[in-house]
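Shown below: data_2.cif, with mmCIF, C-alpha atoms.
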```
data_work
#
loop_
_atom_site.label_atom_id
_atom_site.label_comp_id
_atom_site.auth_asym_id
_atom_site.auth_seq_id
_atom_site.Cartn_x
_atom_site.Cartn_y
_atom_site.Cartn_z
CA MET A 1 46.25 -77.44 41.97
CA ASN A 2 45.53 -74.36 39.88
CA GLU A 3 46.06 -71.34 42.15
CA ASN A 4 42.99 -69.66 40.64
CA VAL A 5 40.79 -72.33 42.23
CA LEU A 6 41.62 -70.96 45.69
CA LYS A 7 40.78 -67.34 44.87
CA THR A 8 37.55 -66.03 46.35
CA GLY A 9 35.91 -62.67 45.72
CA THR A 10 35.43 -61.10 49.14
CA THR A 11 37.26 -59.58 52.10
CA THR A 12 36.98 -61.04 55.60
CA VAL A 13 39.00 -60.26 58.72
CA GLY A 14 39.50 -61.85 62.13
CA ILE A 15 41.30 -60.06 64.98
CA LYS A 16 42.24 -61.45 68.38
CA CYS A 17 42.28 -58.89 71.19
CA ARG A 18 42.72 -58.73 74.95
CA GLU A 19 39.07 -59.33 75.80
CA GLY A 20 37.83 -61.30 72.82
CA ILE A 21 37.59 -61.68 69.05
CA VAL A 22 36.38 -59.37 66.27
CA LEU A 23 35.16 -60.76 62.93
CA ALA A 24 34.30 -58.59 59.93
CA ALA A 25 33.48 -58.90 56.23
CA ASP A 26 32.14 -56.94 53.29
CA THR A 27 28.59 -57.53 52.03
CA ARG A 28 29.05 -57.91 48.26
CA ALA A 29 28.45 -61.24 46.49
CA THR A 30 29.65 -61.66 42.92
CA ALA A 31 29.32 -64.09 40.04
CA GLY A 32 32.32 -63.37 37.86
CA THR A 33 32.15 -59.64 37.13
CA MET A 34 28.45 -59.34 38.05
CA ILE A 35 27.32 -58.11 41.48
CA VAL A 36 24.47 -60.45 42.47
CA ASP A 37 23.88 -59.33 46.07
CA LYS A 38 24.79 -56.10 47.87
CA LYS A 39 23.69 -57.29 51.33
CA ALA A 40 25.21 -60.76 51.53
CA GLU A 41 25.77 -62.06 55.06
CA LYS A 42 29.34 -63.29 55.41
CA VAL A 43 29.68 -63.28 59.21
CA HIS A 44 27.59 -65.98 60.91
CA LYS A 45 26.82 -66.92 64.49
CA ILE A 46 27.16 -70.71 64.78
CA MET A 47 26.61 -71.32 68.49
CA ASN A 48 26.25 -69.05 71.52
CA ASN A 49 30.05 -69.05 71.84
CA ILE A 50 31.21 -69.46 68.23
CA ALA A 51 30.98 -67.39 65.02
CA LEU A 52 32.73 -67.43 61.65
CA THR A 53 33.32 -65.57 58.40
CA ILE A 54 32.85 -67.15 54.98
CA ALA A 55 34.54 -66.88 51.61
CA GLY A 56 34.08 -69.09 48.56
CA SER A 57 31.26 -70.73 46.66
CA VAL A 58 27.97 -69.68 48.24
CA SER A 59 26.29 -73.08 47.92
CA ASP A 60 29.27 -74.84 49.50
CA VAL A 61 29.58 -72.52 52.49
CA GLN A 62 25.82 -72.44 53.12
CA LEU A 63 25.57 -76.23 53.21
CA ILE A 64 28.68 -76.61 55.35
CA ILE A 65 27.34 -74.08 57.88
CA LYS A 66 24.00 -75.92 58.13
CA ILE A 67 25.73 -79.25 58.72
CA LEU A 68 28.20 -77.71 61.18
CA LYS A 69 25.39 -76.21 63.28
CA ALA A 70 23.50 -79.51 63.30
CA GLU A 71 26.54 -81.61 64.19
CA LEU A 72 27.60 -79.28 67.02
CA THR A 73 24.05 -79.22 68.42
CA LEU A 74 23.90 -83.03 68.38
CA LYS A 75 27.31 -83.23 70.03
CA ASP A 76 26.23 -80.84 72.79
CA ILE A 77 23.13 -82.95 73.46
CA LYS A 78 25.11 -86.20 73.56
CA THR A 79 27.94 -84.91 75.76
CA TYR A 80 25.84 -82.63 78.02
CA ARG A 81 28.26 -79.74 77.48
CA PRO A 82 28.92 -76.98 74.94
CA SER A 83 31.46 -77.78 72.23
CA THR A 84 34.85 -76.10 72.58
CA VAL A 85 36.12 -73.78 69.87
CA LYS A 86 38.87 -76.29 69.01
CA GLU A 87 36.32 -79.08 68.55
CA ALA A 88 34.25 -76.88 66.25
CA ALA A 89 37.35 -75.84 64.28
CA ASN A 90 38.51 -79.44 63.86
CA LEU A 91 35.06 -80.51 62.65
CA LEU A 92 34.87 -77.61 60.19
CA ALA A 93 38.38 -78.31 58.89
CA SER A 94 37.45 -81.94 58.28
CA MET A 95 34.30 -80.92 56.38
CA THR A 96 36.27 -78.40 54.30
CA TYR A 97 38.93 -81.01 53.51
CA GLN A 98 36.26 -83.40 52.22
CA ASN A 99 34.41 -80.65 50.35
CA ILE A 100 37.27 -79.67 48.03
CA ARG A 101 38.18 -83.31 47.32
CA LYS A 102 34.74 -84.61 46.37
CA MET A 103 34.12 -85.63 42.75
CA SER A 104 32.21 -82.80 41.10
CA MET A 105 31.97 -80.83 37.88
CA LEU A 106 32.20 -77.70 40.03
CA PRO A 107 35.16 -77.49 42.45
CA GLY A 108 34.12 -76.91 46.05
CA ILE A 109 35.77 -73.81 47.49
CA ALA A 110 35.22 -72.70 51.09
CA HIS A 111 37.46 -70.60 53.34
CA PHE A 112 36.48 -69.86 56.93
CA ILE A 113 37.77 -67.75 59.81
CA LEU A 114 36.32 -69.14 63.04
CA GLY A 115 36.43 -67.47 66.44
CA GLY A 116 34.92 -68.05 69.83
CA PHE A 117 35.41 -68.80 73.50
CA ASP A 118 35.25 -71.99 75.51
CA ASP A 119 32.05 -71.75 77.54
CA ASN A 120 33.53 -72.02 81.01
CA GLU A 121 34.62 -69.73 83.83
CA LYS A 122 38.03 -68.92 82.27
CA ARG A 123 36.58 -67.81 78.92
CA HIS A 124 39.59 -68.68 76.76
CA PHE A 125 39.30 -67.04 73.33
CA HIS A 126 40.50 -68.74 70.14
CA LEU A 127 40.80 -67.69 66.47
CA TYR A 128 41.29 -70.23 63.67
CA ASP A 129 41.96 -70.08 59.94
CA ILE A 130 40.35 -72.98 58.02
CA PHE A 131 41.86 -72.78 54.53
CA PRO A 132 40.04 -74.16 51.42
CA ASP A 133 42.34 -77.22 51.37
CA GLY A 134 41.13 -78.19 54.86
CA SER A 135 44.24 -77.12 56.75
CA LEU A 136 43.70 -75.66 60.22
CA THR A 137 45.83 -72.94 61.86
CA GLU A 138 45.28 -71.24 65.20
CA ILE A 139 45.86 -67.49 64.86
CA GLN A 140 47.39 -65.46 67.67
CA ASP A 141 46.89 -61.98 66.20
CA TYR A 142 44.94 -61.43 62.97
CA ILE A 143 43.94 -63.11 59.71
CA SER A 144 42.25 -62.07 56.46
CA SER A 145 40.79 -64.04 53.56
CA GLY A 146 39.42 -63.42 50.08
CA SER A 147 40.51 -61.41 47.07
CA GLY A 148 40.76 -58.19 49.08
CA SER A 149 42.91 -59.70 51.84
CA VAL A 150 46.17 -58.39 50.38
CA PHE A 151 44.90 -54.82 50.94
CA ALA A 152 43.46 -55.59 54.38
CA TYR A 153 46.76 -57.10 55.49
CA GLY A 154 48.55 -53.84 54.78
CA VAL A 155 46.38 -52.05 57.35
CA LEU A 156 46.49 -54.92 59.85
CA GLU A 157 50.27 -55.16 59.69
CA SER A 158 50.60 -51.44 60.28
CA ASP A 159 48.02 -50.83 63.02
CA TYR A 160 47.66 -54.06 65.04
CA THR A 161 49.14 -54.28 68.53
CA ALA A 162 49.13 -57.21 70.96
CA LYS A 163 47.30 -55.12 73.58
CA ILE A 164 44.49 -54.00 71.28
CA SER A 165 41.05 -53.70 72.91
CA VAL A 166 37.78 -54.94 71.40
CA ASP A 167 36.65 -51.39 70.58
CA GLU A 168 39.99 -50.63 68.92
CA ALA A 169 39.84 -53.94 67.03
CA VAL A 170 36.36 -53.06 65.72
CA GLU A 171 37.71 -49.82 64.26
CA LEU A 172 40.75 -51.64 62.84
CA ALA A 173 38.53 -54.29 61.25
CA LYS A 174 36.37 -51.61 59.65
CA LYS A 175 39.42 -49.73 58.39
CA SER A 176 41.10 -52.82 56.93
CA VAL A 177 37.97 -54.05 55.14
CA ASN A 178 37.15 -50.55 53.88
CA THR A 179 40.67 -50.25 52.46
CA ALA A 180 40.12 -53.48 50.53
CA LEU A 181 36.76 -52.20 49.29
CA LYS A 182 38.50 -49.27 47.61
CA ARG A 183 40.84 -51.48 45.55
CA ASP A 184 39.12 -54.88 45.17
CA SER A 185 36.13 -54.85 42.82
CA ALA A 186 34.81 -58.17 44.20
CA SER A 187 34.42 -56.60 47.66
CA GLY A 188 32.07 -53.76 48.45
CA ASN A 189 28.78 -52.14 49.52
CA GLY A 190 28.95 -52.56 53.30
CA ILE A 191 30.79 -53.98 56.30
CA ASP A 192 29.42 -56.46 58.85
CA VAL A 193 31.13 -56.79 62.23
CA ILE A 194 30.63 -59.29 65.06
CA THR A 195 32.29 -59.07 68.47
CA ILE A 196 32.88 -62.13 70.65
CA THR A 197 33.47 -61.27 74.32
CA LYS A 198 32.81 -62.78 77.75
CA ASP A 199 29.30 -61.32 77.45
CA GLY A 200 28.61 -63.33 74.30
CA ILE A 201 28.32 -62.66 70.57
CA ARG A 202 27.08 -59.27 69.35
CA ARG A 203 26.44 -58.11 65.80
CA LEU A 204 27.10 -54.41 65.31
CA PRO A 205 24.95 -52.22 63.03
CA GLU A 206 26.03 -52.70 59.42
CA LEU A 207 28.30 -49.98 58.10
CA ARG A 208 27.24 -48.80 54.65
CA VAL A 209 30.05 -47.35 52.55
CA ASN A 210 30.23 -44.64 49.94
CA GLU A 211 30.09 -46.67 46.74
CA GLU A 212 31.40 -43.74 44.69
CA ALA A 213 34.69 -44.01 46.57
CA ILE A 214 35.13 -47.68 45.71
#
```
Kindly present the structure from the file in structure tokens form.
Amino acid sequence: MNENVLKTGTTTVGIKCREGIVLAADTRATAGTMIVDKKAEKVHKIMNNIALTIAGSVSDVQLIIKILKAELTLKDIKTYRPSTVKEAANLLASMTYQNIRKMSMLPGIAHFILGGFDDNEKRHFHLYDIFPDGSLTEIQDYISSGSGSVFAYGVLESDYTAKISVDEAVELAKKSVNTALKRDSASGNGIDVITITKDGIRRLPELRVNEEAI
């Protein structure tokens, strides 16, 4: 497969911490070299206990998210219990696998970082990387995707610690994405952050960035 097919213009980050998960992404959507949206939503709440970041073809990721939400809701109704994070990740990986292999004039590209907690008393937190080829990997520390990920990884590698708190992870996520914004032209404009803790999923106020510095 041509390696260019798997390149996506964005920067998303997922960080696992002591008390939960932090997901973050920039807010710029591009079509080639053209900026088509400066307030694109790339961090989505899927269920009360699950959220994800998106990278790839907008039409592909939007449709996959709609189907994922519907399938998980139906499963919850049929089984009388909330879906686990692993079940959601396996379903999403299967959909992503099928998406890139369907016959189409336009190749389907979708990369997700999925995080959440199993809705029970123990509140086990999980972070998964669902790569565009459909492969699924559970992440124990941090993960980044998109064209700006190489810059974000530099910050994550340097500043991440196994005992990081949610508040510290929020600042690290902002710093890593902002670093990518300064070097990757396909990422920019703002930063969205979602925290996943025992209290649920919370979207933080969007951080607007100084575009002159990017």
Evaluated on this file, the PyMOL selection byres ((chain A and resi 169-173) around 9) picks out some residues - which ones are they, written as a compact mmCIF listing (two decimals) with C-alpha atoms, in the frame of the given file?
```txt
# COMPACT_ATOMS: atom_id res chain seq x y z
CA THR A 12 36.98 -61.04 55.60
CA VAL A 13 39.00 -60.26 58.72
CA GLY A 14 39.50 -61.85 62.13
CA ILE A 15 41.30 -60.06 64.98
CA LYS A 16 42.24 -61.45 68.38
CA CYS A 17 42.28 -58.89 71.19
CA ILE A 21 37.59 -61.68 69.05
CA VAL A 22 36.38 -59.37 66.27
CA LEU A 23 35.16 -60.76 62.93
CA ALA A 24 34.30 -58.59 59.93
CA ALA A 25 33.48 -58.90 56.23
CA ALA A 152 43.46 -55.59 54.38
CA VAL A 155 46.38 -52.05 57.35
CA LEU A 156 46.49 -54.92 59.85
CA ASP A 159 48.02 -50.83 63.02
CA TYR A 160 47.66 -54.06 65.04
CA ILE A 164 44.49 -54.00 71.28
CA SER A 165 41.05 -53.70 72.91
CA VAL A 166 37.78 -54.94 71.40
CA ASP A 167 36.65 -51.39 70.58
CA GLU A 168 39.99 -50.63 68.92
CA LYS A 174 36.37 -51.61 59.65
CA LYS A 175 39.42 -49.73 58.39
CA SER A 176 41.10 -52.82 56.93
CA VAL A 177 37.97 -54.05 55.14
CA ASN A 178 37.15 -50.55 53.88
CA VAL A 193 31.13 -56.79 62.23
CA ILE A 194 30.63 -59.29 65.06
CA THR A 195 32.29 -59.07 68.47
```
Min atom-atom distance to Asp184 of chain A from the set A:Ile50, A:Val150, A:Leu207, A:Ile35, counting all atoms listed in the file, belongs to A:Val150
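Considering the residues A:Asp119, A:Tyr80, A:Asp26, A:Leu68 and counting only C-alpha atoms, Thr197 of chain A has its shortest atom-to-atom contact with A:Asp119.
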Residues matched by the PyMOL selection byres ((chain A and resi 146) around 12) as JSON, numbers by chain
{"A": [4, 5, 6, 7, 8, 9, 10, 11, 12, 13, 25, 26, 28, 29, 42, 53, 54, 55, 56, 57, 109, 110, 111, 112, 113, 131, 132, 143, 144, 145, 147, 148, 149, 150, 151, 152, 153, 177, 180, 181, 184, 185, 186, 187]}
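Residues matching the PyMOL selection byres ((chain A and resi 130) around 9) in this structure come to Ala89, Asn90, Leu92, Ala93, Thr96, Ala110, His111, Phe112, Ile113, Leu114, Tyr128, Asp129, Phe131, Pro132, Asp133, Gly134, Ser135, Leu136, Thr137 and Glu138 of chain A.
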Keeping C-alpha atoms for every residue in the selection just given, could you write it to a file as a JSON list (two decimals), keeping the file's coordinate frame?
```json
[["chain", "number", "residue", "atom", "x", "y", "z"],
["A", 89, "ALA", "CA", 37.35, -75.84, 64.28],
["A", 90, "ASN", "CA", 38.51, -79.44, 63.86],
["A", 92, "LEU", "CA", 34.87, -77.61, 60.19],
["A", 93, "ALA", "CA", 38.38, -78.31, 58.89],
["A", 96, "THR", "CA", 36.27, -78.40, 54.30],
["A", 110, "ALA", "CA", 35.22, -72.70, 51.09],
["A", 111, "HIS", "CA", 37.46, -70.60, 53.34],
["A", 112, "PHE", "CA", 36.48, -69.86, 56.93],
["A", 113, "ILE", "CA", 37.77, -67.75, 59.81],
["A", 114, "LEU", "CA", 36.32, -69.14, 63.04],
["A", 128, "TYR", "CA", 41.29, -70.23, 63.67],
["A", 129, "ASP", "CA", 41.96, -70.08, 59.94],
["A", 131, "PHE", "CA", 41.86, -72.78, 54.53],
["A", 132, "PRO", "CA", 40.04, -74.16, 51.42],
["A", 133, "ASP", "CA", 42.34, -77.22, 51.37],
["A", 134, "GLY", "CA", 41.13, -78.19, 54.86],
["A", 135, "SER", "CA", 44.24, -77.12, 56.75],
["A", 136, "LEU", "CA", 43.70, -75.66, 60.22],
["A", 137, "THR", "CA", 45.83, -72.94, 61.86],
["A", 138, "GLU", "CA", 45.28, -71.24, 65.20]]
```
Kindly provide, as JSON, the centre and edge lengths (Å, one decimal) of an axis-aligned box around all atoms of segment 26-40 of chain A given in the file, with 4 Å on each side.
```
{"center_x": 28.0, "center_y": -60.1, "center_z": 45.2, "size_x": 16.6, "size_y": 16.0, "size_z": 24.2}
```
Interatomic distance (Å, one decimal) between atom CA of Gly115 of chain A and atom CA of Ile139 of chain A:
9.6 Å
Any idea what the distance is between atom CA of Leu72 of chain A and atom CA of Arg123 of chain A?
18.8 Å
Best match for closeness to Val36 of chain A among A:Val58, A:Ile65, A:Ile196, A:Ala51, counting only C-alpha atoms
A:Val58
Missing atoms in segment 141-162 of chain A need filling: write out N, CA and C atoms for it as an mmCIF file, keeping the file's coordinate frame.
```
data_model
loop_
_atom_site.group_PDB
_atom_site.id
_atom_site.type_symbol
_atom_site.label_atom_id
_atom_site.label_comp_id
_atom_site.auth_asym_id
_atom_site.auth_seq_id
_atom_site.Cartn_x
_atom_site.Cartn_y
_atom_site.Cartn_z
ATOM 1 N N ASP A 141 47.036 -63.420 66.358
ATOM 2 C CA ASP A 141 46.890 -61.980 66.200
ATOM 3 C C ASP A 141 45.758 -61.608 65.244
ATOM 4 N N TYR A 142 45.958 -61.803 63.937
ATOM 5 C CA TYR A 142 44.940 -61.430 62.970
ATOM 6 C C TYR A 142 45.065 -62.286 61.714
ATOM 7 N N ILE A 143 43.984 -62.320 60.942
ATOM 8 C CA ILE A 143 43.940 -63.110 59.710
ATOM 9 C C ILE A 143 42.949 -62.453 58.763
ATOM 10 N N SER A 144 43.188 -62.583 57.459
ATOM 11 C CA SER A 144 42.250 -62.070 56.460
ATOM 12 C C SER A 144 42.135 -63.082 55.337
ATOM 13 N N SER A 145 40.992 -63.111 54.674
ATOM 14 C CA SER A 145 40.790 -64.040 53.560
ATOM 15 C C SER A 145 40.071 -63.335 52.422
ATOM 16 N N GLY A 146 40.111 -63.952 51.236
ATOM 17 C CA GLY A 146 39.420 -63.420 50.080
ATOM 18 C C GLY A 146 40.310 -62.579 49.190
ATOM 19 N N SER A 147 39.742 -62.143 48.081
ATOM 20 C CA SER A 147 40.510 -61.410 47.070
ATOM 21 C C SER A 147 41.010 -60.058 47.565
ATOM 22 N N GLY A 148 40.331 -59.482 48.558
ATOM 23 C CA GLY A 148 40.760 -58.190 49.080
ATOM 24 C C GLY A 148 41.702 -58.295 50.262
ATOM 25 N N SER A 149 42.089 -59.511 50.631
ATOM 26 C CA SER A 149 42.910 -59.700 51.840
ATOM 27 C C SER A 149 44.274 -59.042 51.737
ATOM 28 N N VAL A 150 44.843 -58.990 50.536
ATOM 29 C CA VAL A 150 46.170 -58.390 50.380
ATOM 30 C C VAL A 150 46.148 -56.916 50.793
ATOM 31 N N PHE A 151 45.021 -56.217 50.546
ATOM 32 C CA PHE A 151 44.900 -54.820 50.940
ATOM 33 C C PHE A 151 44.612 -54.702 52.437
ATOM 34 N N ALA A 152 43.774 -55.599 52.944
ATOM 35 C CA ALA A 152 43.460 -55.590 54.380
ATOM 36 C C ALA A 152 44.698 -55.854 55.217
ATOM 37 N N TYR A 153 45.550 -56.764 54.746
ATOM 38 C CA TYR A 153 46.760 -57.100 55.490
ATOM 39 C C TYR A 153 47.679 -55.891 55.668
ATOM 40 N N GLY A 154 47.707 -55.025 54.677
ATOM 41 C CA GLY A 154 48.550 -53.840 54.780
ATOM 42 C C GLY A 154 48.183 -52.980 55.977
ATOM 43 N N VAL A 155 46.866 -52.836 56.211
ATOM 44 C CA VAL A 155 46.380 -52.050 57.350
ATOM 45 C C VAL A 155 46.614 -52.820 58.650
ATOM 46 N N LEU A 156 46.323 -54.109 58.646
ATOM 47 C CA LEU A 156 46.490 -54.920 59.850
ATOM 48 C C LEU A 156 47.940 -54.947 60.309
ATOM 49 N N GLU A 157 48.842 -55.123 59.366
ATOM 50 C CA GLU A 157 50.270 -55.160 59.690
ATOM 51 C C GLU A 157 50.728 -53.853 60.324
ATOM 52 N N SER A 158 50.170 -52.758 59.830
ATOM 53 C CA SER A 158 50.600 -51.440 60.280
ATOM 54 C C SER A 158 50.017 -51.047 61.629
ATOM 55 N N ASP A 159 48.733 -51.384 61.871
ATOM 56 C CA ASP A 159 48.020 -50.830 63.020
ATOM 57 C C ASP A 159 47.771 -51.800 64.174
ATOM 58 N N TYR A 160 47.962 -53.085 63.967
ATOM 59 C CA TYR A 160 47.660 -54.060 65.040
ATOM 60 C C TYR A 160 48.705 -54.015 66.139
ATOM 61 N N THR A 161 48.246 -54.123 67.386
ATOM 62 C CA THR A 161 49.140 -54.280 68.530
ATOM 63 C C THR A 161 48.624 -55.410 69.403
ATOM 64 N N ALA A 162 49.510 -56.060 70.137
ATOM 65 C CA ALA A 162 49.130 -57.210 70.960
ATOM 66 C C ALA A 162 48.165 -56.840 72.075
#
```
